[in-house]
$ cat structure16.tsv   # TSV, C-alpha atoms
chain	number	residue	atom	x	y	z
A	1	MET	CA	-20.48	-60.22	20.22
A	2	SER	CA	-21.15	-63.66	21.45
A	3	GLY	CA	-17.45	-64.03	22.10
A	4	ARG	CA	-17.47	-60.96	24.31
A	5	SER	CA	-20.50	-62.12	26.19
A	6	LYS	CA	-18.77	-65.35	26.81
A	7	ASN	CA	-15.57	-63.64	27.90
A	8	GLY	CA	-16.45	-60.73	30.23
A	9	CYS	CA	-12.91	-59.41	30.41
A	10	ARG	CA	-12.80	-58.61	26.70
A	11	GLY	CA	-16.14	-56.79	26.98
A	12	GLN	CA	-14.84	-54.66	29.82
A	13	LEU	CA	-11.68	-54.00	27.85
A	14	ALA	CA	-13.73	-52.63	24.94
A	15	LEU	CA	-15.63	-50.37	27.31
A	16	LEU	CA	-12.37	-49.17	28.80
A	17	ASP	CA	-11.05	-48.39	25.30
A	18	ALA	CA	-14.18	-46.40	24.57
A	19	VAL	CA	-13.87	-44.44	27.82
A	20	VAL	CA	-10.24	-43.66	27.04
A	21	PHE	CA	-11.26	-42.51	23.56
A	22	PHE	CA	-13.96	-40.30	25.09
A	23	VAL	CA	-11.53	-38.74	27.57
A	24	ILE	CA	-9.02	-38.06	24.79
A	25	ALA	CA	-11.78	-36.49	22.70
A	26	MET	CA	-12.76	-34.25	25.62
A	27	ALA	CA	-9.14	-33.22	26.10
A	28	ILE	CA	-8.73	-32.41	22.40
A	29	SER	CA	-11.92	-30.35	22.34
A	30	SER	CA	-10.88	-28.49	25.50
A	31	ILE	CA	-7.54	-27.61	23.92
A	32	MET	CA	-9.29	-26.42	20.76
A	33	PHE	CA	-11.72	-24.25	22.77
A	34	TYR	CA	-8.86	-22.81	24.83
A	35	TYR	CA	-6.83	-21.80	21.80
A	36	ALA	CA	-9.87	-20.43	19.97
A	37	ARG	CA	-10.83	-18.31	22.98
A	38	ASP	CA	-7.25	-17.23	23.50
A	39	ASP	CA	-7.01	-16.18	19.87
A	40	SER	CA	-10.26	-14.20	20.00
A	41	ASN	CA	-9.34	-12.49	23.29
A	42	SER	CA	-5.81	-11.61	22.28
A	43	VAL	CA	-4.98	-7.96	22.99
A	44	PRO	CA	-4.33	-6.02	19.79
A	45	SER	CA	-0.72	-4.97	19.48
A	46	THR	CA	-1.72	-1.40	18.72
A	47	GLY	CA	-2.91	-0.66	22.30
A	48	PRO	CA	-5.41	2.04	23.27
A	49	LYS	CA	-6.05	4.67	20.65
A	50	GLY	CA	-7.80	7.98	20.35
A	51	GLN	CA	-9.45	9.28	23.49
A	52	SER	CA	-8.30	6.27	25.53
A	53	ASP	CA	-4.65	6.77	24.68
A	54	PRO	CA	-2.93	8.75	27.48
A	55	ASP	CA	-0.08	9.76	25.14
A	56	ALA	CA	-2.47	11.31	22.63
A	57	VAL	CA	-4.59	12.97	25.33
A	58	LEU	CA	-1.53	14.50	27.02
A	59	ARG	CA	-0.08	15.69	23.71
A	60	VAL	CA	-3.20	17.51	22.50
A	61	PHE	CA	-3.93	18.76	26.02
A	62	LEU	CA	-0.54	20.48	26.34
A	63	HIS	CA	-0.84	22.09	22.91
A	64	ALA	CA	-4.43	23.27	23.35
A	65	SER	CA	-5.39	26.80	24.32
A	66	LEU	CA	-6.75	27.49	27.78
A	67	GLY	CA	-9.95	28.77	26.18
A	68	GLU	CA	-10.93	31.23	28.91
A	69	GLU	CA	-9.44	34.48	30.14
A	70	THR	CA	-7.96	33.88	33.58
A	71	LEU	CA	-6.65	36.22	36.23
A	72	LEU	CA	-4.08	34.83	38.66
A	73	GLU	CA	-3.31	36.38	42.02
A	74	LEU	CA	0.43	36.57	41.31
A	75	ASN	CA	2.51	39.73	41.67
A	76	GLY	CA	-0.63	41.79	42.00
A	77	GLY	CA	-2.56	39.96	39.31
A	78	THR	CA	-1.35	38.12	36.23
A	79	HIS	CA	-3.62	37.96	33.23
A	80	ILE	CA	-3.55	34.77	31.19
A	81	SER	CA	-5.00	34.99	27.71
A	82	ALA	CA	-7.55	32.47	26.44
A	83	ARG	CA	-5.16	31.71	23.58
A	84	SER	CA	-2.30	30.72	25.89
A	85	GLU	CA	-1.19	27.15	25.55
A	86	VAL	CA	-1.91	24.82	28.44
A	87	SER	CA	1.80	23.93	28.69
A	88	GLU	CA	2.69	27.61	29.20
A	89	CYS	CA	0.00	28.00	31.86
A	90	LEU	CA	1.21	24.87	33.63
A	91	GLN	CA	4.78	26.15	33.63
A	92	ILE	CA	3.65	29.43	35.21
A	93	GLU	CA	1.67	27.56	37.85
A	94	LEU	CA	4.35	24.99	38.63
A	95	ASN	CA	7.08	27.60	38.96
A	96	ALA	CA	4.86	29.61	41.29
A	97	LEU	CA	4.01	26.53	43.38
A	98	VAL	CA	7.70	25.72	43.76
A	99	LEU	CA	8.30	29.26	45.00
A	100	GLY	CA	5.72	28.69	47.73
A	101	VAL	CA	2.48	30.03	46.27
A	102	ASP	CA	-0.62	28.22	47.52
A	103	GLN	CA	-2.31	25.86	45.04
A	104	GLY	CA	-5.66	27.40	46.03
A	105	ASP	CA	-4.67	30.57	44.16
A	106	PHE	CA	-4.86	28.58	40.94
A	107	GLY	CA	-8.27	27.11	41.67
A	108	GLN	CA	-9.94	28.68	38.65
A	109	MET	CA	-7.20	27.65	36.24
A	110	ASN	CA	-7.01	24.12	37.66
A	111	GLY	CA	-10.77	23.84	37.19
A	112	ILE	CA	-10.37	24.82	33.53
A	113	LEU	CA	-7.52	22.34	33.07
A	114	LEU	CA	-9.58	19.53	34.58
A	115	ALA	CA	-12.52	20.42	32.36
A	116	ILE	CA	-10.28	20.28	29.27
A	117	LEU	CA	-8.93	16.88	30.31
A	118	GLU	CA	-12.40	15.50	31.00
A	119	ALA	CA	-13.64	16.75	27.64
A	120	THR	CA	-10.64	15.29	25.85
A	121	CYS	CA	-10.39	11.81	27.29
A	122	SER	CA	-12.96	9.09	26.83
A	123	VAL	CA	-16.17	9.31	28.85
A	124	VAL	CA	-15.37	5.97	30.47
A	125	LEU	CA	-12.06	7.26	31.85
A	126	ASP	CA	-11.28	9.72	34.65
A	127	PRO	CA	-8.17	11.89	34.23
A	128	TYR	CA	-5.67	12.55	37.00
A	129	LEU	CA	-2.81	14.97	36.38
A	130	THR	CA	0.24	15.23	38.62
A	131	ALA	CA	3.48	17.17	38.45
A	132	VAL	CA	6.56	16.07	40.32
A	133	TRP	CA	9.52	18.37	40.88
A	134	PHE	CA	13.07	17.05	41.15
A	135	PRO	CA	15.10	19.84	42.79
A	136	ASP	CA	18.07	17.69	43.79
A	137	SER	CA	18.11	14.00	44.36
A	138	SER	CA	14.72	14.22	46.08
A	139	HIS	CA	11.31	14.64	44.53
A	140	LYS	CA	8.18	16.52	45.52
A	141	VAL	CA	4.63	16.36	44.19
A	142	VAL	CA	3.78	20.00	43.51
A	143	LEU	CA	0.49	19.65	41.64
A	144	ALA	CA	-2.36	17.15	41.62
A	145	ILE	CA	-5.57	17.72	39.65
A	146	PRO	CA	-7.98	16.63	41.08
A	147	ASP	CA	-6.70	16.58	44.65
A	148	GLU	CA	-7.52	12.94	45.35
A	149	ALA	CA	-6.16	10.15	43.21
A	150	PRO	CA	-8.86	7.76	41.98
A	151	ASP	CA	-8.57	4.28	43.39
A	152	SER	CA	-8.28	1.67	40.68
A	153	ARG	CA	-6.02	-1.18	39.74
A	154	THR	CA	-6.29	-0.53	36.01
A	155	ARG	CA	-4.52	2.62	34.90
A	156	TYR	CA	-3.22	4.06	31.67
A	157	ALA	CA	-0.49	6.63	32.10
A	158	SER	CA	1.74	8.89	30.10
A	159	SER	CA	4.33	11.40	31.18
A	160	THR	CA	6.40	14.20	29.77
A	161	GLU	CA	8.88	16.76	31.07
A	162	LEU	CA	8.30	20.48	31.44
A	163	PRO	CA	11.25	22.83	32.02
A	164	GLY	CA	11.27	24.33	35.51
A	165	VAL	CA	13.12	26.95	37.51
A	166	GLU	CA	16.91	26.96	37.84
A	167	GLY	CA	17.45	24.28	35.23
A	168	SER	CA	15.29	21.75	37.02
A	169	ALA	CA	12.44	19.91	35.35
A	170	PHE	CA	8.90	18.88	36.20
A	171	LEU	CA	7.67	15.42	35.39
A	172	LEU	CA	4.08	15.82	34.27
A	173	THR	CA	2.08	12.59	34.45
A	174	LEU	CA	-1.40	11.97	33.16
A	175	VAL	CA	-3.18	8.92	34.54
A	176	LEU	CA	-6.42	7.68	33.02
A	177	VAL	CA	-8.50	5.52	35.32
A	178	PRO	CA	-11.69	3.64	34.35
A	179	ALA	CA	-14.68	5.59	35.64
A	180	SER	CA	-17.27	3.95	37.82
A	181	PHE	CA	-20.52	2.82	36.21
A	182	SER	CA	-22.60	5.41	38.09
A	183	GLU	CA	-20.32	8.21	36.83
A	184	ILE	CA	-20.74	7.03	33.25
A	185	LEU	CA	-24.52	6.96	33.70
A	186	ASP	CA	-24.43	10.47	35.16
A	187	VAL	CA	-22.50	11.77	32.17
A	188	CYS	CA	-24.77	10.01	29.69
A	189	ALA	CA	-27.94	11.19	31.42
A	190	GLY	CA	-26.58	14.73	31.59
A	191	ASP	CA	-25.50	14.87	27.95
A	192	LEU	CA	-28.32	12.99	26.32
A	193	ASP	CA	-31.21	13.74	28.69
A	194	LEU	CA	-32.29	10.11	28.83
A	195	GLY	CA	-35.27	10.93	30.98
A	196	PRO	CA	-36.16	10.54	34.63
A	197	GLY	CA	-34.60	7.63	36.45
A	198	ILE	CA	-31.68	7.11	34.11
A	199	GLY	CA	-28.42	7.91	35.78
A	200	GLN	CA	-29.93	8.08	39.24
A	201	SER	CA	-28.86	5.94	42.12
A	202	PRO	CA	-30.78	2.68	42.66
A	203	ALA	CA	-32.48	4.29	45.67
A	204	TYR	CA	-34.35	6.53	43.23
A	205	PHE	CA	-36.44	3.56	42.12
A	206	GLU	CA	-37.29	2.37	45.58
A	207	PRO	CA	-40.83	3.16	46.75
B	1	MET	CA	-47.76	-91.71	17.78
B	2	ASN	CA	-44.14	-92.26	18.67
B	3	ILE	CA	-43.03	-90.74	15.48
B	4	THR	CA	-45.21	-87.74	16.12
B	5	CYS	CA	-43.91	-87.29	19.66
B	6	SER	CA	-40.31	-87.51	18.61
B	7	SER	CA	-40.84	-84.97	15.82
B	8	GLN	CA	-42.53	-82.56	18.30
B	9	ARG	CA	-39.66	-82.99	20.72
B	10	SER	CA	-37.07	-82.36	18.04
B	11	SER	CA	-38.84	-79.17	16.93
B	12	SER	CA	-39.07	-77.93	20.52
B	13	ILE	CA	-35.36	-78.58	20.96
B	14	GLY	CA	-34.67	-76.69	17.75
B	15	GLN	CA	-36.74	-73.69	18.98
B	16	SER	CA	-34.99	-73.56	22.35
B	17	SER	CA	-31.55	-73.56	20.75
B	18	ALA	CA	-32.59	-70.76	18.37
B	19	VAL	CA	-33.88	-68.70	21.30
B	20	LYS	CA	-30.66	-69.35	23.12
B	21	ARG	CA	-28.64	-68.02	20.18
B	22	ASP	CA	-30.92	-64.97	19.98
B	23	GLU	CA	-30.46	-64.33	23.67
B	24	LEU	CA	-26.74	-64.43	23.20
B	25	GLY	CA	-27.02	-61.99	20.29
B	26	VAL	CA	-29.25	-59.56	22.19
B	27	ALA	CA	-27.06	-59.72	25.23
B	28	GLY	CA	-23.98	-58.93	23.13
B	29	PHE	CA	-25.68	-55.98	21.44
B	30	PHE	CA	-26.79	-54.40	24.71
B	31	GLU	CA	-23.41	-55.07	26.18
B	32	ASP	CA	-21.79	-53.05	23.38
B	33	LEU	CA	-24.21	-50.14	23.67
B	34	PRO	CA	-22.13	-48.26	26.32
B	35	VAL	CA	-19.07	-48.71	24.16
B	36	LEU	CA	-20.96	-47.34	21.17
B	37	LEU	CA	-22.30	-44.43	23.20
B	38	PHE	CA	-18.88	-43.46	24.48
B	39	ILE	CA	-17.41	-43.58	20.97
B	40	LEU	CA	-20.29	-41.59	19.50
B	41	ALA	CA	-20.10	-39.01	22.29
B	42	GLY	CA	-16.35	-38.65	21.84
B	43	ALA	CA	-16.62	-38.25	18.08
B	44	LEU	CA	-19.47	-35.78	18.47
B	45	THR	CA	-17.48	-33.73	21.00
B	46	ILE	CA	-14.55	-33.47	18.61
B	47	VAL	CA	-16.76	-32.49	15.68
B	48	ILE	CA	-18.74	-29.87	17.64
B	49	SER	CA	-15.69	-28.35	19.30
B	50	SER	CA	-13.76	-28.15	16.04
B	51	LEU	CA	-16.72	-26.49	14.32
B	52	SER	CA	-17.23	-23.90	17.05
B	53	ALA	CA	-13.50	-23.29	17.40
B	54	SER	CA	-13.15	-22.66	13.69
B	55	GLN	CA	-16.18	-20.34	13.83
B	56	VAL	CA	-14.62	-18.37	16.71
B	57	VAL	CA	-11.34	-18.09	14.83
B	58	VAL	CA	-13.09	-16.90	11.67
B	59	LEU	CA	-15.14	-14.30	13.58
B	60	SER	CA	-12.12	-12.99	15.48
B	61	GLY	CA	-10.27	-12.77	12.18
B	62	GLU	CA	-13.12	-10.63	10.81
B	63	GLU	CA	-12.98	-8.43	13.90
B	64	LYS	CA	-9.24	-7.97	13.53
B	65	GLU	CA	-9.65	-7.11	9.89
B	66	LEU	CA	-12.31	-4.51	10.75
B	67	ASP	CA	-10.07	-3.08	13.50
B	68	HIS	CA	-7.20	-2.86	11.08
B	69	LEU	CA	-9.37	-1.19	8.45
B	70	ALA	CA	-10.77	1.38	10.89
B	71	ASN	CA	-7.32	2.26	12.24
B	72	ARG	CA	-5.79	2.50	8.78
B	73	CYS	CA	-8.68	4.64	7.60
B	74	VAL	CA	-8.44	7.09	10.47
B	75	GLU	CA	-4.67	7.37	9.93
B	76	LEU	CA	-5.33	8.07	6.25
B	77	LEU	CA	-7.83	10.78	7.17
B	78	LEU	CA	-5.28	12.45	9.46
B	79	SER	CA	-2.58	12.32	6.80
B	80	GLU	CA	-5.10	13.90	4.41
B	81	VAL	CA	-5.76	16.69	6.92
B	82	PHE	CA	-2.13	17.37	7.77
B	83	GLY	CA	-0.62	16.63	4.37
B	84	ASP	CA	3.04	15.63	4.47
B	85	GLY	CA	4.00	17.31	7.75
B	86	GLN	CA	2.26	16.13	10.92
B	87	GLY	CA	3.65	19.11	12.85
B	88	VAL	CA	1.89	21.64	10.64
B	89	ALA	CA	-0.89	23.62	12.34
B	90	VAL	CA	-4.19	23.21	10.55
B	91	THR	CA	-7.31	25.28	10.96
B	92	VAL	CA	-10.77	24.03	11.82
B	93	GLY	CA	-12.00	25.53	8.56
B	94	SER	CA	-9.52	23.55	6.50
B	95	VAL	CA	-10.49	20.35	8.32
B	96	CYS	CA	-14.14	20.94	7.50
B	97	SER	CA	-13.42	21.81	3.88
B	98	THR	CA	-11.27	18.72	3.24
B	99	ARG	CA	-13.32	16.03	1.51
B	100	LEU	CA	-12.59	13.39	4.11
B	101	TYR	CA	-15.74	11.41	3.38
B	102	GLN	CA	-14.58	10.82	-0.18
B	103	VAL	CA	-11.18	9.65	1.07
B	104	ALA	CA	-12.75	7.21	3.51
B	105	GLU	CA	-15.20	5.94	0.90
B	106	ASP	CA	-12.40	5.29	-1.58
B	107	PHE	CA	-10.34	3.48	1.03
B	108	LEU	CA	-13.11	1.35	2.52
B	109	ASP	CA	-14.48	0.47	-0.90
B	110	SER	CA	-17.82	-1.27	-0.44
B	111	ARG	CA	-17.89	-1.37	3.36
B	112	CYS	CA	-20.40	0.70	5.32
B	113	PHE	CA	-19.03	3.32	7.66
B	114	SER	CA	-19.92	6.37	9.70
B	115	MET	CA	-17.44	9.20	10.11
B	116	GLY	CA	-17.57	12.19	12.40
B	117	ILE	CA	-15.33	15.08	13.41
B	118	VAL	CA	-16.05	16.68	16.77
B	119	MET	CA	-14.50	19.68	18.45
B	120	LEU	CA	-14.02	18.79	22.12
B	121	HIS	CA	-12.40	22.02	23.33
B	122	PRO	CA	-12.89	25.04	23.70
B	123	GLU	CA	-16.49	24.13	22.91
B	124	LEU	CA	-18.25	20.89	22.14
B	125	ARG	CA	-19.33	21.12	18.51
B	126	TRP	CA	-20.01	18.61	15.74
B	127	LEU	CA	-18.03	19.72	12.71
B	128	SER	CA	-19.10	17.00	10.31
B	129	GLN	CA	-21.00	13.75	10.32
B	130	ASP	CA	-21.19	11.48	7.29
B	131	ASP	CA	-22.77	8.07	6.94
B	132	CYS	CA	-22.58	5.72	4.01
B	133	LYS	CA	-25.61	5.59	1.75
B	134	SER	CA	-26.34	1.89	2.01
B	135	ARG	CA	-27.38	1.00	5.52
B	136	GLY	CA	-26.62	-2.67	5.44
B	137	GLY	CA	-26.70	-4.37	8.82
B	138	SER	CA	-23.87	-6.37	10.27
B	139	GLU	CA	-23.15	-8.22	13.47
B	140	ARG	CA	-19.57	-6.96	13.55
B	141	ALA	CA	-18.36	-3.38	13.75
B	142	SER	CA	-15.14	-1.66	14.67
B	143	ALA	CA	-14.35	1.91	15.66
B	144	ALA	CA	-11.24	4.04	15.70
B	145	SER	CA	-10.54	7.63	16.67
B	146	ARG	CA	-7.63	10.06	16.76
B	147	LEU	CA	-7.13	13.33	18.59
B	148	PHE	CA	-5.46	16.35	17.04
B	149	ASN	CA	-5.12	20.08	17.47
B	150	ALA	CA	-6.42	22.70	15.06
B	151	LEU	CA	-6.60	26.49	15.12
B	152	THR	CA	-9.99	28.13	15.44
B	153	ASP	CA	-10.98	31.36	13.69
B	154	ASP	CA	-10.29	33.40	16.84
B	155	GLY	CA	-6.75	32.06	17.16
B	156	LYS	CA	-7.29	29.46	19.87
B	157	THR	CA	-5.88	25.97	19.56
B	158	ALA	CA	-8.77	23.54	19.68
B	159	ILE	CA	-8.86	19.82	20.39
B	160	LEU	CA	-10.58	17.82	17.68
B	161	VAL	CA	-11.34	14.13	17.37
B	162	VAL	CA	-12.01	12.21	14.21
B	163	ARG	CA	-14.03	9.02	14.70
B	164	ILE	CA	-14.94	6.30	12.30
B	165	ILE	CA	-17.12	3.21	12.69
B	166	VAL	CA	-16.77	0.49	10.08
B	167	TRP	CA	-19.13	-2.44	9.66

$ encode --input "structure16.tsv" --output "structure tokens"
Amino acid sequence: MSGRSKNGCRGQLALLDAVVFFVIAMAISSIMFYYARDDSNSVPSTGPKGQSDPDAVLRVFLHASLGEETLLELNGGTHISARSEVSECLQIELNALVLGVDQGDFGQMNGILLAILEATCSVVLDPYLTAVWFPDSSHKVVLAIPDEAPDSRTRYASSTELPGVEGSAFLLTLVLVPASFSEILDVCAGDLDLGPGIGQSPAYFEP
Amino acid sequence: MNITCSSQRSSSIGQSSAVKRDELGVAGFFEDLPVLLFILAGALTIVISSLSASQVVVLSGEEKELDHLANRCVELLLSEVFGDGQGVAVTVGSVCSTRLYQVAEDFLDSRCFSMGIVMLHPELRWLSQDDCKSRGGSERASAASRLFNALTDDGKTAILVVRIIVW
């Protein structure tokens, strides 16, 4: 000690060593924290499952029954049974749309299809179903339920083909988009009856 | 008198040199304090970060294990419902009559879980809900669910979901 006090350079050198040691320790701890956080936040390899999985939602949706008797304004009225599969109903609708029938004529059925999708997928996701027709080398969007695509950067999608007219095919795509927080609150308040104020807009609480 | 004065002088000289050595010692100690502090802080940072990092890794490992268990369990329940062929159409009645709770309990052994089967379409209906007897608390839980189709009594194809929460 006395030696260091006599020679100031050696004292400063010891302090410099300690600072270097401290900096190295900080760097090591930062690396350890980074890897620990990275390990805990790693995305599971299995991906979304259940009601968040667009593949599963689309598969069970297409095989489900429509559930309600529906009358379509086609060729003087076409009756669709409640037991009809959704894929069959979609084929009827898509073929009619390609032949020039207005999508408004399928309003009731599209409402039922949207209700099935909303019931099937997770409450935190909004479904968006589109069908694209490839007649030749071009393509045309023939169906979109709902009409407006939700705006979001995060999307989960799945697609499948449905046979169409004259050997052509429809590409059916289901997109699941994260719902907004207010929508989730609305659903929760509606289903669970959480009481007044819950699920309302912030303006509700203002005097 | 002279002798006395000289002895007093020599003792005062001795005291001043001792104080001088002490001053040197104190100065050296305080001079090394920053060095000591930096070293202690560095060592402490490494120890704390390694402890918390290992804790995070252990907890994430537990979470992954729970995720894996829940997913495996729900797959097992589906294979129990459908038997060997996944393409076989099952009825809602057969799903309800299958002792799925027993299957899940055997698979999850001593872990607590809650299992439910819900019909989502054509109507929203709870088909079964089973919870484990012991309601032990836990900070970690994991959930898994699978969708499948089943025939209702009136011939419609329903959409069912089986959910399980493991903790």

$ interface_residues --input "structure16.tsv" --of "chain B" --to "chain A" --cutoff "8 Å" --atoms "all atoms listed in the file" --output "PyMOL selection string"
chain B and resi 24-25+27-29+31-32+34-36+38-39+41-43+45-46+49-50+52-54+56-57+60-61+120-122+144-149+155-159+161

$ atom_distance --input "structure16.tsv" --atom1 "CA of Ala179 in chain A" --atom2 "CA of Gly116 in chain B"
24.3 Å

$ closest_residue --input "structure16.tsv" --among "B:Phe30, B:Trp167, B:Phe113, B:Trp126" --to "Glu139 in chain B" --atoms "all atoms listed in the file"
B:Trp167

$ closest_residue --input "structure16.tsv" --among "A:Ser180, A:Ser137, A:Thr173, A:Ser168" --to "Pro150 in chain A" --atoms "all atoms listed in the file"
A:Ser180

$ closest_residue --input "structure16.tsv" --among "A:Thr78, A:Thr70, A:Thr130, A:Asn95" --to "Glu166 in chain A" --atoms "all atoms listed in the file"
A:Asn95

$ residues_around --input "structure16.tsv" --residues "Met115 in chain B" --least-positions-apart "5" --cutoff "9 Å" --atoms "only C-alpha atoms" --output "PyMOL selection string"
chain B and resi 100-101+104+128-132+162-166

$ atom_distance --input "structure16.tsv" --atom1 "CA of Asp67 in chain B" --atom2 "CA of Ser94 in chain B"
27.5 Å

$ atom_distance --input "structure16.tsv" --atom1 "CA of Leu160 in chain B" --atom2 "CA of Ala131 in chain A"
25.1 Å

$ residues_around --input "structure16.tsv" --residues "Leu66 in chain B" --least-positions-apart "4" --cutoff "7 Å" --atoms "all atoms listed in the file" --output "CSV table (one decimal) with C-alpha atoms, keeping the file's coordinate frame"
chain,number,residue,atom,x,y,z
B,62,GLU,CA,-13.1,-10.6,10.8
B,70,ALA,CA,-10.8,1.4,10.9
B,141,ALA,CA,-18.4,-3.4,13.8
B,142,SER,CA,-15.1,-1.7,14.7
B,166,VAL,CA,-16.8,0.5,10.1

$ residues_around --input "structure16.tsv" --residues "Asp126 in chain A" --least-positions-apart "2" --cutoff "7 Å" --atoms "all atoms listed in the file" --output "list in words"
Glu118, Val124, Tyr128, Leu176, Val177, Pro178 and Ala179 of chain A

$ residues_around --input "structure16.tsv" --residues "range 144-146 of chain A" --least-positions-apart "6" --cutoff "12 Å" --atoms "all atoms listed in the file" --output "ChimeraX atom specification"
/A:90,93-94,97,103-104,106-118,126-133,171-175

$ write_last_selection --input "structure16.tsv" --atoms "C-alpha atoms" --output "PDB file, keeping the file's coordinate frame"
ATOM      1  CA  LEU A  90       1.210  24.870  33.630  1.00  0.00           C
ATOM      2  CA  GLU A  93       1.670  27.560  37.850  1.00  0.00           C
ATOM      3  CA  LEU A  94       4.350  24.990  38.630  1.00  0.00           C
ATOM      4  CA  LEU A  97       4.010  26.530  43.380  1.00  0.00           C
ATOM      5  CA  GLN A 103      -2.310  25.860  45.040  1.00  0.00           C
ATOM      6  CA  GLY A 104      -5.660  27.400  46.030  1.00  0.00           C
ATOM      7  CA  PHE A 106      -4.860  28.580  40.940  1.00  0.00           C
ATOM      8  CA  GLY A 107      -8.270  27.110  41.670  1.00  0.00           C
ATOM      9  CA  GLN A 108      -9.940  28.680  38.650  1.00  0.00           C
ATOM     10  CA  MET A 109      -7.200  27.650  36.240  1.00  0.00           C
ATOM     11  CA  ASN A 110      -7.010  24.120  37.660  1.00  0.00           C
ATOM     12  CA  GLY A 111     -10.770  23.840  37.190  1.00  0.00           C
ATOM     13  CA  ILE A 112     -10.370  24.820  33.530  1.00  0.00           C
ATOM     14  CA  LEU A 113      -7.520  22.340  33.070  1.00  0.00           C
ATOM     15  CA  LEU A 114      -9.580  19.530  34.580  1.00  0.00           C
ATOM     16  CA  ALA A 115     -12.520  20.420  32.360  1.00  0.00           C
ATOM     17  CA  ILE A 116     -10.280  20.280  29.270  1.00  0.00           C
ATOM     18  CA  LEU A 117      -8.930  16.880  30.310  1.00  0.00           C
ATOM     19  CA  GLU A 118     -12.400  15.500  31.000  1.00  0.00           C
ATOM     20  CA  ASP A 126     -11.280   9.720  34.650  1.00  0.00           C
ATOM     21  CA  PRO A 127      -8.170  11.890  34.230  1.00  0.00           C
ATOM     22  CA  TYR A 128      -5.670  12.550  37.000  1.00  0.00           C
ATOM     23  CA  LEU A 129      -2.810  14.970  36.380  1.00  0.00           C
ATOM     24  CA  THR A 130       0.240  15.230  38.620  1.00  0.00           C
ATOM     25  CA  ALA A 131       3.480  17.170  38.450  1.00  0.00           C
ATOM     26  CA  VAL A 132       6.560  16.070  40.320  1.00  0.00           C
ATOM     27  CA  TRP A 133       9.520  18.370  40.880  1.00  0.00           C
ATOM     28  CA  LEU A 171       7.670  15.420  35.390  1.00  0.00           C
ATOM     29  CA  LEU A 172       4.080  15.820  34.270  1.00  0.00           C
ATOM     30  CA  THR A 173       2.080  12.590  34.450  1.00  0.00           C
ATOM     31  CA  LEU A 174      -1.400  11.970  33.160  1.00  0.00           C
ATOM     32  CA  VAL A 175      -3.180   8.920  34.540  1.00  0.00           C
TER      33      VAL A 175
END

$ residues_around --input "structure16.tsv" --residues "Ser97 in chain B" --least-positions-apart "2" --cutoff "12 Å" --atoms "only C-alpha atoms" --output "PyMOL selection string"
chain B and resi 80-81+90-95+99-102+117+127-128
